[in-house]
$ cat input09.cif   # mmCIF, C-alpha atoms
data_structure
#
loop_
_atom_site.label_atom_id
_atom_site.label_comp_id
_atom_site.auth_asym_id
_atom_site.auth_seq_id
_atom_site.Cartn_x
_atom_site.Cartn_y
_atom_site.Cartn_z
CA MET O 1 0.00 0.00 0.00
CA ARG O 2 1.13 3.56 -0.60
CA PHE O 3 -0.36 7.01 -0.03
CA ALA O 4 0.28 10.65 -0.90
CA MET O 5 -1.42 14.03 -0.55
CA LEU O 6 -2.18 16.56 -3.26
CA GLY O 7 -2.39 19.24 -0.58
CA SER O 8 -3.40 19.66 3.05
CA GLY O 9 -4.93 22.68 4.74
CA SER O 10 -7.80 25.14 4.66
CA LYS O 11 -7.21 25.98 0.97
CA GLY O 12 -7.77 22.41 -0.20
CA ASN O 13 -7.32 18.77 0.76
CA ALA O 14 -6.96 15.52 -1.19
CA THR O 15 -5.32 12.20 -0.33
CA LEU O 16 -4.34 9.38 -2.69
CA VAL O 17 -4.28 5.75 -1.56
CA GLU O 18 -3.46 2.79 -3.75
CA ALA O 19 -2.83 -0.93 -3.35
CA GLY O 20 -3.48 -4.10 -5.31
CA GLY O 21 -4.26 -2.22 -8.50
CA THR O 22 -6.93 -0.02 -6.84
CA ARG O 23 -6.45 3.74 -6.53
CA ILE O 24 -8.77 6.07 -4.60
CA LEU O 25 -8.85 9.76 -3.78
CA ILE O 26 -10.11 10.89 -0.38
CA ASP O 27 -11.67 14.35 -0.81
CA CYS O 28 -10.87 16.94 -3.46
CA GLY O 29 -10.89 20.58 -2.45
CA PHE O 30 -9.06 21.95 -5.50
CA ASN O 31 -10.39 23.20 -8.82
CA LEU O 32 -10.17 20.86 -11.78
CA GLY O 33 -7.02 22.29 -13.37
CA ASP O 34 -5.17 22.42 -10.05
CA THR O 35 -6.25 18.85 -9.24
CA GLU O 36 -5.02 17.57 -12.59
CA GLN O 37 -1.65 19.30 -12.12
CA ARG O 38 -1.23 17.98 -8.58
CA LEU O 39 -2.13 14.44 -9.70
CA GLN O 40 0.38 14.63 -12.54
CA ARG O 41 3.04 15.76 -10.10
CA LEU O 42 2.49 12.45 -8.31
CA GLY O 43 2.51 10.49 -11.56
CA VAL O 44 -1.24 9.77 -11.58
CA GLU O 45 -3.67 10.26 -14.45
CA PRO O 46 -7.17 11.27 -13.26
CA GLN O 47 -8.83 8.54 -15.34
CA ALA O 48 -6.88 5.98 -13.29
CA LEU O 49 -8.89 6.80 -10.15
CA ASP O 50 -11.35 4.08 -9.15
CA ALA O 51 -13.32 6.18 -6.64
CA ILE O 52 -13.49 9.42 -4.69
CA LEU O 53 -14.34 9.12 -1.00
CA VAL O 54 -15.71 12.23 0.72
CA THR O 55 -15.30 13.03 4.42
CA HIS O 56 -17.80 15.94 4.57
CA GLU O 57 -19.29 18.77 2.56
CA HIS O 58 -17.01 21.71 3.42
CA GLY O 59 -15.49 23.33 0.35
CA ASP O 60 -11.85 22.57 1.15
CA HIS O 61 -12.78 18.86 1.00
CA LEU O 62 -15.70 18.64 -1.43
CA GLY O 63 -15.30 21.72 -3.62
CA GLY O 64 -13.56 19.99 -6.53
CA VAL O 65 -15.23 16.58 -6.38
CA ALA O 66 -18.14 17.07 -8.78
CA ARG O 67 -16.16 18.47 -11.70
CA LEU O 68 -13.46 15.83 -11.36
CA ALA O 69 -16.06 13.06 -11.14
CA ARG O 70 -17.96 14.35 -14.16
CA ARG O 71 -14.90 14.86 -16.33
CA TYR O 72 -13.49 11.38 -15.69
CA ARG O 73 -16.66 9.49 -14.71
CA ILE O 74 -15.36 8.55 -11.28
CA PRO O 75 -17.78 7.08 -8.67
CA VAL O 76 -18.21 9.22 -5.55
CA TRP O 77 -18.83 7.72 -2.09
CA MET O 78 -20.13 9.73 0.88
CA THR O 79 -22.45 9.47 3.87
CA HIS O 80 -26.18 10.08 3.47
CA GLY O 81 -25.83 13.34 5.39
CA SER O 82 -22.97 14.64 3.27
CA TYR O 83 -24.96 13.81 0.14
CA ALA O 84 -27.97 15.70 1.49
CA ALA O 85 -25.77 18.77 2.09
CA TRP O 86 -24.05 18.53 -1.31
CA LYS O 87 -25.18 21.28 -3.67
CA ASP O 88 -23.64 19.83 -6.86
CA ARG O 89 -24.85 16.24 -7.14
CA ALA O 90 -24.81 15.93 -10.94
CA VAL O 91 -22.19 13.17 -11.11
CA PRO O 92 -22.32 9.86 -13.01
CA HIS O 93 -22.24 7.67 -9.89
CA ALA O 94 -22.98 8.72 -6.30
CA LEU O 95 -23.00 6.01 -3.65
CA ARG O 96 -24.10 6.60 -0.07
CA PHE O 97 -23.27 4.74 3.13
CA SER O 98 -23.60 4.79 6.90
CA PRO O 99 -20.49 6.07 8.71
CA HIS O 100 -20.43 2.71 10.52
CA GLN O 101 -20.67 0.61 7.35
CA HIS O 102 -17.64 -1.30 6.08
CA PHE O 103 -17.36 -1.72 2.30
CA THR O 104 -14.78 -2.57 -0.32
CA ILE O 105 -13.54 -0.81 -3.43
CA GLY O 106 -11.46 -3.18 -5.51
CA ALA O 107 -8.55 -4.40 -3.39
CA LEU O 108 -9.16 -1.90 -0.58
CA GLY O 109 -11.28 -2.36 2.52
CA ILE O 110 -12.93 0.90 3.59
CA GLN O 111 -14.02 1.46 7.19
CA PRO O 112 -15.56 4.90 7.75
CA TYR O 113 -16.12 6.19 11.26
CA PRO O 114 -18.03 9.26 12.53
CA VAL O 115 -16.23 12.31 13.93
CA PRO O 116 -17.43 15.43 15.79
CA HIS O 117 -17.27 18.26 13.25
CA ASP O 118 -19.68 21.02 12.24
CA ALA O 119 -20.95 19.27 9.13
CA ARG O 120 -24.09 17.22 8.36
CA GLU O 121 -22.70 13.68 8.78
CA PRO O 122 -18.89 13.84 8.70
CA CYS O 123 -16.68 10.77 8.74
CA GLN O 124 -13.06 9.78 8.42
CA TYR O 125 -11.55 6.50 7.22
CA VAL O 126 -9.36 3.52 7.93
CA ILE O 127 -8.16 1.97 4.66
CA ALA O 128 -7.00 -1.66 4.70
CA HIS O 129 -5.18 -3.91 2.26
CA GLY O 130 -4.44 -7.37 3.57
CA ASN O 131 -3.01 -6.86 7.06
CA LEU O 132 -1.98 -3.25 6.41
CA ARG O 133 -4.03 -0.37 7.84
CA LEU O 134 -3.86 3.33 7.03
CA GLY O 135 -5.70 5.63 9.44
CA VAL O 136 -6.96 9.04 8.35
CA LEU O 137 -8.20 11.60 10.89
CA SER O 138 -8.89 15.25 10.17
CA ASP O 139 -11.59 17.85 10.80
CA ALA O 140 -12.63 16.74 14.28
CA GLY O 141 -13.20 18.96 17.29
CA HIS O 142 -12.15 16.37 19.85
CA VAL O 143 -11.15 12.72 20.13
CA THR O 144 -13.86 10.24 21.11
CA PRO O 145 -13.28 6.72 22.48
CA HIS O 146 -14.69 5.30 19.24
CA MET O 147 -12.21 7.29 17.16
CA ARG O 148 -9.37 6.09 19.37
CA SER O 149 -10.54 2.49 18.97
CA MET O 150 -10.85 2.81 15.20
CA LEU O 151 -7.33 4.17 14.82
CA ALA O 152 -5.61 1.65 17.07
CA ASP O 153 -3.00 -0.63 15.48
CA CYS O 154 -2.53 1.30 12.25
CA ASP O 155 0.62 0.88 10.20
CA ALA O 156 0.43 4.49 9.02
CA LEU O 157 -1.50 7.42 10.45
CA MET O 158 -2.44 10.77 8.94
CA LEU O 159 -3.36 12.94 11.91
CA GLU O 160 -4.76 16.47 12.04
CA CYS O 161 -2.70 19.02 13.95
CA ASN O 162 -4.65 22.09 12.97
CA HIS O 163 -3.75 24.76 15.47
CA ASP O 164 -1.96 25.91 18.59
CA PRO O 165 -4.59 27.27 21.01
CA GLN O 166 -2.45 30.23 22.05
CA MET O 167 -1.68 31.20 18.46
CA LEU O 168 -5.37 30.87 17.64
CA SER O 169 -6.34 33.04 20.61
CA ASP O 170 -3.77 35.73 19.79
CA GLY O 171 -4.26 35.56 16.02
CA PRO O 172 -6.26 37.62 13.52
CA TYR O 173 -9.34 35.42 13.17
CA PRO O 174 -12.71 36.96 14.18
CA GLU O 175 -13.90 35.78 17.58
CA ALA O 176 -16.69 33.64 16.09
CA LEU O 177 -14.22 31.80 13.87
CA LYS O 178 -11.83 31.30 16.78
CA ARG O 179 -14.65 29.70 18.77
CA ARG O 180 -15.58 27.49 15.81
CA VAL O 181 -12.04 26.27 15.12
CA GLY O 182 -11.25 25.69 18.78
CA GLY O 183 -14.65 24.26 19.70
CA SER O 184 -15.74 20.68 20.29
CA ARG O 185 -16.91 20.38 16.65
CA GLY O 186 -14.04 22.28 15.10
CA HIS O 187 -10.47 21.12 14.51
CA LEU O 188 -7.91 19.22 16.55
CA SER O 189 -5.18 21.23 18.23
CA ASN O 190 -1.61 19.98 18.44
CA ALA O 191 -2.17 18.94 22.03
CA GLN O 192 -5.39 17.07 21.22
CA ALA O 193 -3.63 15.18 18.43
CA ALA O 194 -0.76 14.38 20.77
CA GLY O 195 -3.29 13.17 23.35
CA LEU O 196 -4.61 10.62 20.87
CA LEU O 197 -1.11 9.16 20.69
CA HIS O 198 -0.70 8.67 24.44
CA GLY O 199 -0.59 4.91 24.94
CA TYR O 200 -0.70 4.36 21.18
CA ALA O 201 1.17 1.41 19.64
CA VAL O 202 3.68 3.79 18.06
CA SER O 203 6.18 1.00 17.49
CA ARG O 204 3.91 -0.37 14.77
CA LEU O 205 3.72 2.92 12.90
CA GLN O 206 5.78 3.12 9.75
CA HIS O 207 4.56 6.63 9.00
CA LEU O 208 3.09 9.43 11.10
CA VAL O 209 1.99 12.40 8.99
CA LEU O 210 0.65 15.57 10.60
CA THR O 211 -2.02 17.16 8.42
CA HIS O 212 -4.32 20.17 8.00
CA LEU O 213 -1.91 22.54 9.75
CA SER O 214 -3.24 26.08 9.85
CA GLU O 215 -0.97 28.52 8.02
CA THR O 216 -2.12 31.23 10.45
CA ASN O 217 -2.42 29.45 13.79
CA ASN O 218 0.30 26.81 13.70
CA CYS O 219 3.75 25.98 12.37
CA PRO O 220 5.31 22.60 11.49
CA GLU O 221 8.11 22.88 14.06
CA LEU O 222 5.65 23.44 16.91
CA ALA O 223 3.29 20.65 15.83
CA ARG O 224 6.13 18.16 15.49
CA ARG O 225 7.66 19.11 18.83
CA ILE O 226 4.42 18.60 20.74
CA VAL O 227 3.76 15.23 19.07
CA VAL O 228 7.35 14.09 19.62
CA GLU O 229 7.07 14.93 23.31
CA ALA O 230 3.84 12.94 23.55
CA ILE O 231 5.24 9.74 22.07
CA ASP O 232 8.84 10.17 23.30
CA ALA O 233 10.23 9.22 19.89
CA ASP O 234 12.75 10.41 17.35
CA ALA O 235 11.37 13.35 15.38
CA GLU O 236 13.00 12.50 12.08
CA TRP O 237 10.32 10.10 10.84
CA ILE O 238 7.39 12.40 11.70
CA VAL O 239 6.51 14.71 8.81
CA CYS O 240 4.02 17.51 8.13
CA ALA O 241 1.95 17.58 4.96
CA ARG O 242 1.96 20.96 3.24
CA GLN O 243 -0.76 23.05 1.63
CA ASP O 244 1.23 23.74 -1.51
CA ALA O 245 3.40 20.64 -1.96
CA GLY O 246 1.17 18.11 -0.20
CA LEU O 247 3.04 14.91 0.58
CA ASP O 248 5.04 12.70 -1.74
CA TRP O 249 4.33 8.96 -1.99
CA ARG O 250 4.96 6.91 1.16
CA GLU O 251 4.96 3.14 1.09
CA VAL O 252 3.48 0.91 3.78
CA VAL O 253 4.89 -2.63 3.78
#
$ encode --input "input09.cif" --output "structure tokens"
Amino acid sequence: MRFAMLGSGSKGNATLVEAGGTRILIDCGFNLGDTEQRLQRLGVEPQALDAILVTHEHGDHLGGVARLARRYRIPVWMTHGSYAAWKDRAVPHALRFSPHQHFTIGALGIQPYPVPHDAREPCQYVIAHGNLRLGVLSDAGHVTPHMRSMLADCDALMLECNHDPQMLSDGPYPEALKRRVGGSRGHLSNAQAAGLLHGYAVSRLQHLVLTHLSETNNCPELARRIVVEAIDADAEWIVCARQDAGLDWREVV
């Protein structure tokens, strides 16, 4: 199994996962031309995508899905609630599921799980191929026991470290937006992400990628330092996905 990111942050998100001849895209928050360029940078032709999975309806995750799906006739999978909130449903194939429902796409096992976020029916995913598990967690206001259980024993983990609470408090966002981002249905702070990793089977992790970092209320060095302190591990193998460059391919074996 391998994975990469086209970009990560409030200006657009998209994650590639492939194994066993199956290739999926999780979210697409970029316009069509930008998406095509970012895919080509990773050596992927859009018509080679087998499916697009959606986490929720916010524009930085869903904004580019419909045009990409229409242009290349790619099936789109999302929860019933996300579909209900989707304003541009004119795609060739739209499939809906419960956030507790396991399903397969080609060689990949897909296990969605619900998260607390200010969207209609948001979910995140654990992607499996054989005995390998890739956990994806972003856009959640806090960590629930169910989320912790779902993400246990992953071989690779993509984990939101959106903001530093002090930087958010002191920063330029309007007060209402500060409350939204830092609230229980907003985004995970560095410390909340680090808290998820307390007691985690870190020794099994081949990759730990910190994602959705705010360009205004966080910085990679701070996010990495707080996570490193939480797991008491070498910092070199922990990386931050970027808004512009995303994340190059990483292999899980």
$ atom_distance --input "input09.cif" --atom1 "CA of Ile110 in chain O" --atom2 "CA of Ile127 in chain O"
5.0 Å
$ closest_residue --input "input09.cif" --among "O:Gln243, O:Asn131, O:Thr55, O:Gln111" --to "Val76 in chain O" --atoms "all atoms listed in the file"
O:Thr55
$ closest_residue --input "input09.cif" --among "O:Val143, O:Leu168, O:Leu177, O:Leu39" --to "Gly246 in chain O" --atoms "only C-alpha atoms"
O:Leu39
$ atom_distance --input "input09.cif" --atom1 "CA of Glu57 in chain O" --atom2 "CA of Ala156 in chain O"
25.2 Å
$ resolve_selection --input "input09.cif" --expression "the PyMOL selection byres ((chain O and resi 125) around 6)" --output "list of chain:residue names"
O:Gln111, O:Pro112, O:Gln124, O:Val126, O:Val136
$ resolve_selection --input "input09.cif" --expression "the PyMOL selection byres ((chain O and resi 213-226) around 8)" --output "list in words"
Ser8, Gly9, Ser10, Glu160, Cys161, Asn162, His163, Asp164, Pro165, Met167, Leu168, Gly171, Asn190, Ala191, Ala194, Leu210, Thr211, His212, Val227, Val228, Glu229, Ala230, Ala235, Ile238, Val239, Cys240, Ala241 and Arg242 of chain O
$ closest_residue --input "input09.cif" --among "O:Trp77, O:Phe30, O:Tyr200, O:Tyr72" --to "Cys123 in chain O" --atoms "all atoms listed in the file"
O:Trp77
$ residues_near_point --input "input09.cif" --point "(8.1, 5.8, 9.9)" --cutoff "6 Å" --atoms "only C-alpha atoms" --output "list in words"
Gln206, His207 and Trp237 of chain O
$ resolve_selection --input "input09.cif" --expression "the PyMOL selection byres ((chain O and resi 81) around 8)" --output "PyMOL selection string"
chain O and resi 79-80+82-85+120-122
$ closest_residue --input "input09.cif" --among "O:Val181, O:Asp139, O:Gln40, O:Tyr113" --to "Leu151 in chain O" --atoms "only C-alpha atoms"
O:Tyr113
$ atom_distance --input "input09.cif" --atom1 "CA of Met158 in chain O" --atom2 "CA of Thr15 in chain O"
9.8 Å
$ residues_around --input "input09.cif" --residues "Gly63 in chain O" --least-positions-apart "4" --cutoff "7 Å" --atoms "only C-alpha atoms" --output "VMD selection string"
chain O and resid 28 to 30 59
$ closest_residue --input "input09.cif" --among "O:Asp50, O:Asp234, O:Glu36, O:Glu18" --to "Arg250 in chain O" --atoms "all atoms listed in the file"
O:Glu18
$ closest_residue --input "input09.cif" --among "O:Leu53, O:Ile231, O:Ile26, O:Leu134" --to "Cys154 in chain O" --atoms "all atoms listed in the file"
O:Leu134
$ residues_around --input "input09.cif" --residues "Ala51 in chain O" --least-positions-apart "4" --cutoff "9 Å" --atoms "all atoms listed in the file" --output "PyMOL selection string"
chain O and resi 22-26+69+74-77+105
$ axis_aligned_box --input "input09.cif" --around "range 235-250 of chain O" --padding-each-side "4 Å" --output "JSON"
{"center_x": 6.1, "center_y": 15.3, "center_z": 6.7, "size_x": 21.8, "size_y": 24.8, "size_z": 25.4}
